[in-house]
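Notes follow the structure.
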Amino acid sequence: MYAFEKLRSETANILSAAGLKDVVVEIPPENIDADLAIPCFTYAKSLKKSPVEIAKNVAESVKIPKNSIVGKITAMGPYVNVYASDKYFCDSVDEIITDADKYAHKKPVKKTMVVDMSAPNIAKPMSVGHLRSTIIGDSIARIYSSLGWNVIRDNHLGDKKKVEKNPIPELLSLYVKFHEKSDKDSELDEKAREEFKKLENGDKENTKLWKWFIDVSLIEFKKTYSELDVDFDLWLGESFYNDMNRAIVDEALKKGIAKKDDGAIIIKYEDYKNIPPFLIQKKDGATLYSTRDLSTIKYRVGEFKPDKIVYAVGGEQAQHFIQLFNAAEMLGYAKKEALIHVGFGLISLPEGKMSTRKGRVIYLQDLLNKSYKHAEKIINEKNPELKNKKKVAKKIGVGAVKFNDLSQNRVKNIMFNWDKMLSFEGDTGPYLQYTHARACSILRKIGITKSPKFVVTQMAEEKDLILHLSKYLNSVELAASLYEPHHIATYLLALAHKFNLFYQKCPVMSETDEKIKNSRIALVFASKQVIANGLYLLGIDAVEEM
RNA sequence: GGACCCGUAGUAUAGUGGAUAGUACGGUGGCUUGCGGAGCCACAAACCCGGGUUCGAGCCCCGGCGGGUCCGCCA
C-alpha cells in the first residue's frame with residue numbers, strides 16, 4: 001500500500017479513536033491549506049451539536065501516534081483538517097524512486113478484459129473519427145493492464161461490407177493516395193504497384209478484388225498504428241463470425257427470445273418499454289451487424305472468459321449497445337454489467353459533420369503528418385542542435401494529437417480545430433513532454449549514479465509537489481473505474497504546473513546544503529518518473545530531450 | 001412523435017453533494033549575471049433559464065430553452 005492510502009486509513013483510525021464514526025476522508029479543494037479533510041455536517045444530527053463544535057472537539061481530542069505519517073489535525077470551521085508529517089513526504093518520494101517505472105503498477109489480479117477498439121472499414125483510409133476509438137481504447141487497455149488485468153485488444157475490422165457497385169474509382173483514388181505517400185515509404189508503393197498490376201491484368205473477380213482491398217488497407221492501417229504506438233492482440237474482422245450467425249438466430253428463436261415479424265426476425269424487449277426491437281435477420285434471410293455483434297460476444301466469452309468486454313465506439317451507437325447487451329444477457333452469453341460501452345462524442349468540422357462523400361473529411365494520416373512537420377519547425381526554432389530531430393518531432397507530434405483528445409471528457413462532441421490540434425503551449429502533450437525533458441536535463445547534468453534519497457522538505461512548493469505526486473494512483477484508479485483517461489491527463493497537467501513552479505523557485509544544482517540538494521534531486525527524479533508513467537498510460541512517449 | 005447525450009469567462013475545458021468554481025488559449029502588465037522562456041508570476045473575465053430535494057446543488061430530481069445523436073431490413 002502506498003503512502004496516500006495509508007494516510008487516509010491512518011487518519012480514519014485516529015479519528016474513530018477520537019469518537020468520530022464512519023469517517024469519510026476527503027481530498028480538499030486545491031485552494032484550501034490542508035492535505036485531507038473531514039466535513040462534519042453529517043454528524044450534527046446524531047451528536048446534537050453544530051458541525052463547528054464537533055470539528056473543534058474532535059481536533060482537540062485526537063491522539064496522533066509518534067512517527068505517524070499524520071502530522072497534525074486541526075479544526076477549521078465545520079471541517080477537520082489533516083496535515084501530513086515529514087515522514088509522509090519522505091515515504092512518498094521514496095516509494096516512487098524504489099518502484100520507478102513499475103510505480104503504481106499492480107501485480108496480476110487474474111482478471112481479463114477484451115477491448116473492442118478502432119475498427120476501421122476496409123478500403124477507406126482512417127479519418128480523425130477513428131482516432132478516438134483507437135486511442136481511448138488503447139489508453140483504457142494500458143490503464144487496466146497497469147492495474148494487473150490481462151487485456152486483449154481486438155480490432156473488429158469492418159471487412160464485411162460488400163464491394164461497392166463501382167469499386168474502380170474508389171480503388172484508383174486509394175492508389176493515388178498511396179502514391180502520394182510513396183516518397184516516404186517505398187515498400188508501400190512497391191506493394192501497391194504490384195497489386196495494381198494484377199488488377200490491370202484482368203483479375204476483376206470481386207472476391208479477389210476484395211482480398212486486395214483488405215491487404216492494402218491493412219498495410220496502411222498498420223503503418224498508422226505503428227506511428228500511434230498502438231498494438232493489437234487480435235484482428236478478428238466481422239467476416240470472421242460469418243459462420244456463427246445462423247446458429248445465433250436459431251438459438252434465439254429456440255429460446256423464445258426472438259420471433260418472426262413481417263418476415264424478418266427480431267428480439268423484443270418485453271421488460272423494457274424504452275428499448276426498441278432488435279433486428280437480427282432481414283426478410284431476405286441475411287444477417288446483420290447486430291447478429292455479428294452477438295456472435296462476437298459469444299465467441300469472446302467462450303474463448304477468453306473475460307470479466308469485462310469494453311467497446312470503444314462512438315456515442316451515436318448507444319442504443320445499439322443497450323439492445324445488444326440486453327440480448328446477450330437474455331441469451332445467457334454474458335451479464336450485461338460485464339459489457340461496457342465506452343462511448344465518445346463526434347468530431348465535426350466547422351462546416352458540419354464529416355462526410356467522405358461530400359469531401360468533408362480529415363484523414364488521420366494527414367493530421368499526423370501535419371503535426372510532425374509543425375513539431376519539426378518548432379524544434380528548429382527552439383533547439384536546432386538537437387539530435388534525432390525527426391524522431392523526436394514524431395513523438396511530439398503524436399503526443400500533441402493524442403493528448404488533445406485524451407485530455408477532455410470523452411462524451412463531449414469535438415469541433416475539429418487545426419490551431420488547437422497543433423498547439424504545443426499551455427495544456428498540451430508537448431508541455432508535459434517539455435516538463436519531463438527539463439527534469440531529465442537536470443538529472444543528466446548532475447549525473448546521478450545511485451538512487452537519490454529524499455530526507456527533508458524546505459519550501460511550500462516542494463510539499464505541494466510531493467503531496468500531488470502521492471495522489472497519482474488515485475487518479476489512475478478513478479480513470480479506470482469510469483473508463484475516462486482524461487482524469488490522468490488532468491492529474492498530469494496539475495503535476496507539471498507544480499513541478500515547473502518548484503523548478504522556478506527551488507534551485508537544485510546551485511543548492512549548497514547537501515541534504516536539501518539531494519532531496520531536491522530525489523524530487524526531480526520522482527516527478528520525472530510519475531510524468532513518464534502517466535504519459536505511458538495515455539500512450540504518449542516521454543522524451544528526454546526535445 | 002418517442003428516447004439518449006451535452007450546455008461552466010471572448011474561446012476551449014476541469015470539477016466522484018461540501019470551504020474562495022481549477023486550468024489553458026486569447027488580452028493587459030511583469031520575470032533570464034540561475035537546472036532548457038515549449039517555462040514562471042500578477043490582473044480582468046464564467047456555472048443556459050425556472051422550480052424542487054438537501055444543513056449545503058455547477059453536480060441530484062422535475063419542467064423549459066439551445067446544440068448533438070438515435071429510433072427494424074446500413075455498419
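Please note that chains go A, B, ... in the order of the C-alpha cells, that every chain numbers its residues from 1, and that ligands are numbered from 1 in the order shown.
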
field: Nearby residues (only C-alpha atoms (C1' of nucleotides)) at most 10 Å from Asn67 in chain A, same-chain spacing under 6 positions excluded, as a PyMOL selection string
entry: chain A and resi 85-88

field: Check: which chain A residues lie within 6 Å of chain B using only C-alpha atoms (C1' of nucleotides), as number ranges by chain
entry: A: 279, 282, 316, 425-427, 438, 442, 509

Now that the selection is made, can you save its residues with C-alpha atoms as a PDB file, in the first residue's frame?
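result25.pdb, freshly written:
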ATOM      1  CA  LEU A 279     -33.497  -6.853 -35.810  1.00  0.00           C
ATOM      2  CA  LYS A 282     -33.581  -9.500 -42.624  1.00  0.00           C
ATOM      3  CA  GLU A 316     -24.257   7.534 -31.513  1.00  0.00           C
ATOM      4  CA  GLU A 425       1.838  25.537 -25.458  1.00  0.00           C
ATOM      5  CA  GLY A 426      -0.331  25.572 -22.363  1.00  0.00           C
ATOM      6  CA  ASP A 427      -2.356  22.474 -21.505  1.00  0.00           C
ATOM      7  CA  ARG A 438      13.591  19.670 -18.197  1.00  0.00           C
ATOM      8  CA  ILE A 442      18.878  18.357 -14.534  1.00  0.00           C
ATOM      9  CA  MET A 509      22.324  22.374  -8.936  1.00  0.00           C
TER      10      MET A 509
END

message: For U53 in chain B, find every residue with an atom within 12 Å (counting only C-alpha atoms (C1' of nucleotides)), except residues of its own chain fewer than 3 positions away, and show them as a list in words.
response: G17, G56, A57, C60, C61 and C62 of chain B

task: Could you tell me how far CA of Asp33 in chain A lies from CA of Leu493 in chain A, in Å and to one decimal?
output: 20.3 Å

message: Need the shell around range 373-389 of chain A: protein/DNA/RNA residues with any atom at most 10 Å away, counting only C-alpha atoms (C1' of nucleotides). Skip same-chain ones fewer than 6 positions apart. Format as a ChimeraX atom specification?
response: /A:395-398,400,422-424,430,545-546 /B:36-38

DSSP alpha helix (DSSP H) residues within range 464-522 of chain A, as a PyMOL selection string: chain A and resi 464-469+472-482+486-505+514-522

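Near G50 in chain B, within 12 Å and counting only C-alpha atoms (C1' of nucleotides), sit C62, G63, G64 and C65 of chain B, not including residues fewer than 4 positions from it in the same chain.
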
Can those selected residues be exported to a file as an mmCIF file, in the first residue's frame so that it contains C-alpha atoms (C1' of nucleotides)?
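Result saved to part33.cif:
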data_model
loop_
_atom_site.group_PDB
_atom_site.id
_atom_site.type_symbol
_atom_site.label_atom_id
_atom_site.label_comp_id
_atom_site.auth_asym_id
_atom_site.auth_seq_id
_atom_site.Cartn_x
_atom_site.Cartn_y
_atom_site.Cartn_z
ATOM 1 C "C1'" C B 62 -38.934 17.869 -12.472
ATOM 2 C "C1'" G B 63 -40.159 21.462 -16.396
ATOM 3 C "C1'" G B 64 -38.368 24.763 -20.246
ATOM 4 C "C1'" C B 65 -34.653 26.684 -23.883
#

query: Between CA of Gln433 in chain A and CA of Ala542 in chain A, what is the spacing in Å?
result: 5.5 Å

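Counting from CA of Ile219 in chain A, the distance to CA of Gly158 in chain A is 15.1 Å.
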
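When only C-alpha atoms are used to compute distances to Leu523 in chain A, the closest of the residues A:Ser355, A:Ser92, A:Thr287, A:Ser239 turns out to be A:Ser92.
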